[in-house]
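See structure below.
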Amino acid sequence: PAWSRLEAEVIGLFVQLSRIIGVPRSYAELYALLFLSPRTLTMDEMIQRLGISKGSASQGLNFLRKAGAIRMAHQRGRRAAQYEAVAELRHLAAGFLQDQILPQVEDSQDRLDQIARMVAELPAEDRAQASRKITMLQSWGKQTRQFLPMVVEMLGA
């Protein structure tokens with residue numbers, strides 16, 4: 001793709017950051033392109049500019065929209081959906097916490113319950129130490145489940 005040097009550097013920065021949070025490269029490229037764009041873009045324009053598949057673009061835009069990183073913008077006379085970046089860090093953080101982190105924390109509770117049952121089956125000499133560690137994990141999980149929703153609320157999601 002014929003990106004300007006600035007676009008290439010900004011896209012590279014967002015791709016680098018996406019690795020930290022485990023988001024696919026194409027999602028970072030989509031966000032970076034929208035972030036830099038002086039106007040709204042259609043999915044087809046983004047596909048053409050980035051050289052990604054329609055499936056990757058569709059999945060990426062859906063993820064970014066649900067995370068609060070982009071929004072749809074309507075323009076008169078244009079039928080195709082238009083997208084623009086939401087550049088407020090608090091919205092990005094709140095959306096990511098709410099859509100990616102909180103569900104993982106909630107899902108971990110079942111696993112912790114299963115682990116606690118397994119500890120109960122250990123021989124007595126091993127059970128006490130393992131039980132203390134599992135109790136600590138359960139406490140961390142409880143604190144996280146109480147704390148994260150407050151953070152999301154404070155961020156205004």
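Chain lettering (A, B, ...) mirrors the order of the structure tokens, residue numbering begins at 1 for each chain separately, and ligand numbering begins at 1 in order of display.
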
Write out as a PyMOL selection string each polymer residue whose atoms come within 6 Å of segment 5-19 of chain A, counting only C-alpha atoms; drop sequence neighbours fewer than 6 positions from it. chain A and resi 25+28-29+32

Residues of segment 40-146 of chain A classed as strand (DSSP E) by DSSP on the backbone are to be reported as a PyMOL selection string. chain A and resi 41-42+70-73+82-85

Kindly indicate which residue among A:Leu155, A:Leu36, A:Ile47, A:Ala57 lies nearest to Gln98 of chain A, using only C-alpha atoms for the distances. A:Leu155

Show me, as a PyMOL selection string, the residues that have an atom within 12 Å of Arg145 of chain A when counting only C-alpha atoms, minus same-chain residues fewer than 5 positions from it. chain A and resi 97-98+101-109+138-140+150-152

Who sits within 10 Å of Gly68 of chain A, only C-alpha atoms, same chain under 6 positions skipped, as number ranges by chain: A: 62, 85-88, 90-96, 98-99, 157

Filtering to N, CA and C atoms, could you give me those residues as a PDB file, in the first residue's frame?
ATOM      1  N   ASN A  62     -15.979  -4.416  13.799  1.00  0.00           N
ATOM      2  CA  ASN A  62     -16.944  -4.840  14.809  1.00  0.00           C
ATOM      3  C   ASN A  62     -16.313  -4.809  16.204  1.00  0.00           C
ATOM      4  N   ALA A  85     -12.606   7.411  14.203  1.00  0.00           N
ATOM      5  CA  ALA A  85     -11.979   6.984  15.458  1.00  0.00           C
ATOM      6  C   ALA A  85     -12.516   7.806  16.617  1.00  0.00           C
ATOM      7  N   VAL A  86     -12.629   7.165  17.759  1.00  0.00           N
ATOM      8  CA  VAL A  86     -12.887   7.855  19.012  1.00  0.00           C
ATOM      9  C   VAL A  86     -11.516   7.999  19.647  1.00  0.00           C
ATOM     10  N   ALA A  87     -11.075   9.220  19.797  1.00  0.00           N
ATOM     11  CA  ALA A  87      -9.699   9.448  20.211  1.00  0.00           C
ATOM     12  C   ALA A  87      -9.551   9.775  21.698  1.00  0.00           C
ATOM     13  N   GLU A  88     -10.597   9.539  22.471  1.00  0.00           N
ATOM     14  CA  GLU A  88     -10.508   9.833  23.902  1.00  0.00           C
ATOM     15  C   GLU A  88     -10.053   8.575  24.634  1.00  0.00           C
ATOM     16  N   ARG A  90     -10.035   7.665  27.688  1.00  0.00           N
ATOM     17  CA  ARG A  90     -10.922   7.065  28.697  1.00  0.00           C
ATOM     18  C   ARG A  90     -11.959   6.164  28.049  1.00  0.00           C
ATOM     19  N   HIS A  91     -12.456   6.526  26.871  1.00  0.00           N
ATOM     20  CA  HIS A  91     -13.418   5.675  26.171  1.00  0.00           C
ATOM     21  C   HIS A  91     -12.755   4.376  25.704  1.00  0.00           C
ATOM     22  N   LEU A  92     -11.542   4.511  25.197  1.00  0.00           N
ATOM     23  CA  LEU A  92     -10.815   3.320  24.753  1.00  0.00           C
ATOM     24  C   LEU A  92     -10.555   2.376  25.921  1.00  0.00           C
ATOM     25  N   ALA A  93     -10.078   2.932  27.026  1.00  0.00           N
ATOM     26  CA  ALA A  93      -9.772   2.102  28.193  1.00  0.00           C
ATOM     27  C   ALA A  93     -11.037   1.461  28.753  1.00  0.00           C
ATOM     28  N   ALA A  94     -12.102   2.239  28.877  1.00  0.00           N
ATOM     29  CA  ALA A  94     -13.356   1.708  29.422  1.00  0.00           C
ATOM     30  C   ALA A  94     -13.920   0.618  28.522  1.00  0.00           C
ATOM     31  N   GLY A  95     -13.910   0.848  27.230  1.00  0.00           N
ATOM     32  CA  GLY A  95     -14.420  -0.150  26.291  1.00  0.00           C
ATOM     33  C   GLY A  95     -13.609  -1.434  26.335  1.00  0.00           C
ATOM     34  N   PHE A  96     -12.296  -1.301  26.401  1.00  0.00           N
ATOM     35  CA  PHE A  96     -11.441  -2.490  26.455  1.00  0.00           C
ATOM     36  C   PHE A  96     -11.668  -3.256  27.755  1.00  0.00           C
ATOM     37  N   GLN A  98     -14.346  -3.241  29.660  1.00  0.00           N
ATOM     38  CA  GLN A  98     -15.701  -3.792  29.696  1.00  0.00           C
ATOM     39  C   GLN A  98     -15.879  -4.968  28.743  1.00  0.00           C
ATOM     40  N   ASP A  99     -15.317  -4.889  27.568  1.00  0.00           N
ATOM     41  CA  ASP A  99     -15.560  -5.924  26.555  1.00  0.00           C
ATOM     42  C   ASP A  99     -14.524  -7.039  26.543  1.00  0.00           C
ATOM     43  N   ALA A 157     -17.989   4.617  30.881  1.00  0.00           N
ATOM     44  CA  ALA A 157     -18.522   3.701  29.854  1.00  0.00           C
ATOM     45  C   ALA A 157     -19.981   3.444  30.088  1.00  0.00           C
TER      46      ALA A 157
END
